[in-house]
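Visitor: Sharing a structure here in structure tokens format.
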Amino acid sequence: GVYHFSCPGRCALPTPGSPAAVRNLTYDRANNRTDAEVVVAAPAGKSITLSLVFTGTDGGIKNVKLLRPGYPDDKQIFTGEFLRALQPFGAIRFMDFLKTNNSTLVKWSDRCKLSDAQYTIKGGPYEIAIDLGNLAGKDIWLNVPAMADDDFVAQLGALVRQRLRPDLHCYIEYSNEVWNGIFHQARENEKAAEAAVASGDTTLSINGTDKNIYYWGWRRVAERGVQIKKLLGDDPRFRLVLASQLGYAPPGRMLKMQLDYVNQFFGPPGKYFYAVAGAPYFSPGKDATDPTKKKYFTQRNDITVDSICERMLTRVATSAGPNVQAFHALAKEYGLKSFAYEGGVDMQQYT
């Protein structure tokens with residue numbers, strides 16, 4: 001395929017040992033711009049690594065662009081194939097793109113910007129997420145970093161109002177799985193809840209009657225959602241989602257605690273939240289533990305496709321099913337939608 005290369009400034013592009021050749025290399029002195037075609041001949045059925053070497057520069061180059069075959073200019077950010085692949089979906093959730101898990105962002109000025117050299121440290125820019133929603137014609141689902149201050153939320157709201165198509169909605173979620181102890185945000189949330197109670201907040205402890213700091217943290221997730229909604233205002237395009245854990249027994253335990261808390265101290269949850277959301281994964285379940293190795297068995301010789309399917313159907317009926325039904329029931333009780341932010345088959349292939 002033929003890739004189009006361009007950059008401000010002058011440079012040469014030797015490709016020693018590379019399966020690529022450079023042709024039509026030109027330098028436009030008036031516009032101080034180098035253009036070239038990079039022809040890549042990849043062996044059929046094999047992947048290659050393309051490396052470019054820049055020589056003959058005058059103080060270095062920047063703003064390098066390398067456009068894949070079929071795209072003559074840089075006006076189209078997303079490929080046609082990618083946009084078509086999004087069409088079956090109703091909304092696009094950007095949790096991973098924004099690097100929500102373990103985020104340390106606090107100030108709006110700290111976020112990833114369009115001008116940053118890479119989008120893999122702080123997460124991608126919110127602008128890119130909004131633009132993708134606009135081009136795909138899809139609602140977007142954005143995550144507010146766990147440690148983001150109020151100004152961050154207000155600035156994010158202003159950006160969405162200014163940039164998102166008026167016919168689209170923006171779902172807003174506070175961080176991701178804030179109850180999940182493998183993530184930094186869970187610990188930060190618990191510390192924030194403890195600090196709030198220590199400084200006089202009586203709501204999280206239900207007027208001092210609940211001493212369980214973990215429950216304080218669960219309620220604080222809902223409390224922060226209420227605060228975020230207030231910061232975003234009454235724009236109906238913003239739809240707050242209260243994500244909660246499906247797996248705690250009895251079914252709906254965490255979500256009920258959160259919704260009851262909002263109802264008691266802030267009023268009907270429907271004033272603030274559009275939907276609740278869980279992650280309805282289902283699996284074949286785990287075998288008994290090996291007392292000598294203290295881990296689950298990883299090798300079975302008597303498993304068949306039918307037996308796996310039977311176990312999964314049983315698990316759906318006895319575990320995932322009741323949990324989802326409890327979520328639906330609580331959502332209905334409080335006049336909310338019931339969503340899944342993740343979900344699907346979990347074959348538990350780990351040791």
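Residue numbers start at 1 in each chain; chains themselves are named A, B, ... in the order of the structure tokens; ligands are numbered from 1 in the order shown.
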Quick one: residues within 6 Å of region 272-281 of chain A, only C-alpha atoms, excluding same-chain residues fewer than 4 positions away - as a list in words?
Guide: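 Listed by chain and then number, they are Val226, Lys229, Arg239, Leu240, Val241, Leu242, Ala243, Ser244, Gln245, Leu246, Leu336, Lys337, Ser338, Phe339, Ala340, Tyr341, Glu342, Gly343, Gly344 and Val345 of chain A.
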Visitor: I need the residues from that last selection saved to file as a short mmCIF file (atom, residue, chain, number, x, y, z; two decimals), in the first residue's frame (with N, CA and C atoms), if you can.
Guide:
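Ended up saving to part05.cif:
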```
data_model
loop_
_atom_site.label_atom_id
_atom_site.label_comp_id
_atom_site.auth_asym_id
_atom_site.auth_seq_id
_atom_site.Cartn_x
_atom_site.Cartn_y
_atom_site.Cartn_z
N VAL A 226 -24.78 12.72 42.41
CA VAL A 226 -25.71 13.83 42.63
C VAL A 226 -25.00 15.16 42.45
N LYS A 229 -24.33 15.86 38.76
CA LYS A 229 -25.55 16.29 38.07
C LYS A 229 -25.84 17.76 38.35
N ARG A 239 -27.12 12.69 30.76
CA ARG A 239 -27.84 11.61 31.42
C ARG A 239 -26.89 10.90 32.40
N LEU A 240 -27.10 11.13 33.69
CA LEU A 240 -26.23 10.54 34.70
C LEU A 240 -26.55 9.06 34.88
N VAL A 241 -25.50 8.27 34.96
CA VAL A 241 -25.63 6.83 35.16
C VAL A 241 -25.00 6.46 36.50
N LEU A 242 -25.75 5.76 37.33
CA LEU A 242 -25.23 5.24 38.59
C LEU A 242 -24.85 3.79 38.39
N ALA A 243 -23.56 3.55 38.22
CA ALA A 243 -23.07 2.17 38.04
C ALA A 243 -22.85 1.53 39.41
N SER A 244 -23.23 0.26 39.51
CA SER A 244 -23.12 -0.43 40.78
C SER A 244 -22.76 -1.89 40.56
N GLN A 245 -22.49 -2.59 41.65
CA GLN A 245 -22.01 -3.96 41.58
C GLN A 245 -23.17 -4.94 41.60
N LEU A 246 -23.20 -5.83 40.62
CA LEU A 246 -24.26 -6.84 40.56
C LEU A 246 -24.03 -7.99 41.54
N LEU A 336 -36.12 4.59 36.90
CA LEU A 336 -34.88 4.73 36.15
C LEU A 336 -34.75 3.65 35.09
N LYS A 337 -33.89 3.90 34.10
CA LYS A 337 -33.53 2.88 33.13
C LYS A 337 -32.53 1.91 33.78
N SER A 338 -32.45 0.71 33.23
CA SER A 338 -31.48 -0.28 33.72
C SER A 338 -30.57 -0.68 32.58
N PHE A 339 -29.28 -0.33 32.69
CA PHE A 339 -28.30 -0.54 31.63
C PHE A 339 -27.26 -1.58 32.05
N ALA A 340 -26.48 -2.01 31.07
CA ALA A 340 -25.27 -2.79 31.31
C ALA A 340 -24.09 -1.99 30.78
N TYR A 341 -23.14 -1.68 31.65
CA TYR A 341 -21.96 -0.95 31.17
C TYR A 341 -20.91 -1.90 30.62
N GLU A 342 -20.95 -3.15 31.04
CA GLU A 342 -20.15 -4.23 30.48
C GLU A 342 -21.02 -5.49 30.57
N GLY A 343 -20.51 -6.60 30.06
CA GLY A 343 -21.25 -7.84 30.22
C GLY A 343 -20.86 -8.86 29.18
N GLY A 344 -21.34 -10.08 29.37
CA GLY A 344 -21.09 -11.13 28.41
C GLY A 344 -20.57 -12.39 29.07
N VAL A 345 -19.99 -13.25 28.27
CA VAL A 345 -19.49 -14.54 28.73
C VAL A 345 -18.12 -14.38 29.38
#
```
Visitor: Excluding Gly90 (chain A) and its own-chain neighbours fewer than 2 positions away, which residues fall within 9 Å of it when counting only C-alpha atoms? Please give them as an mmCIF file with C-alpha atoms, in the first residue's frame.
Guide:
```
data_model
loop_
_atom_site.group_PDB
_atom_site.id
_atom_site.type_symbol
_atom_site.label_atom_id
_atom_site.label_comp_id
_atom_site.auth_asym_id
_atom_site.auth_seq_id
_atom_site.Cartn_x
_atom_site.Cartn_y
_atom_site.Cartn_z
ATOM 1 C CA LEU A 86 -19.967 1.251 15.361
ATOM 2 C CA GLN A 87 -23.345 1.353 13.655
ATOM 3 C CA PRO A 88 -25.019 -1.556 15.527
ATOM 4 C CA ILE A 92 -20.128 4.550 22.763
ATOM 5 C CA LYS A 138 -24.060 7.951 18.410
ATOM 6 C CA ASP A 139 -24.668 9.036 21.987
ATOM 7 C CA ILE A 140 -21.460 9.147 24.010
#
```
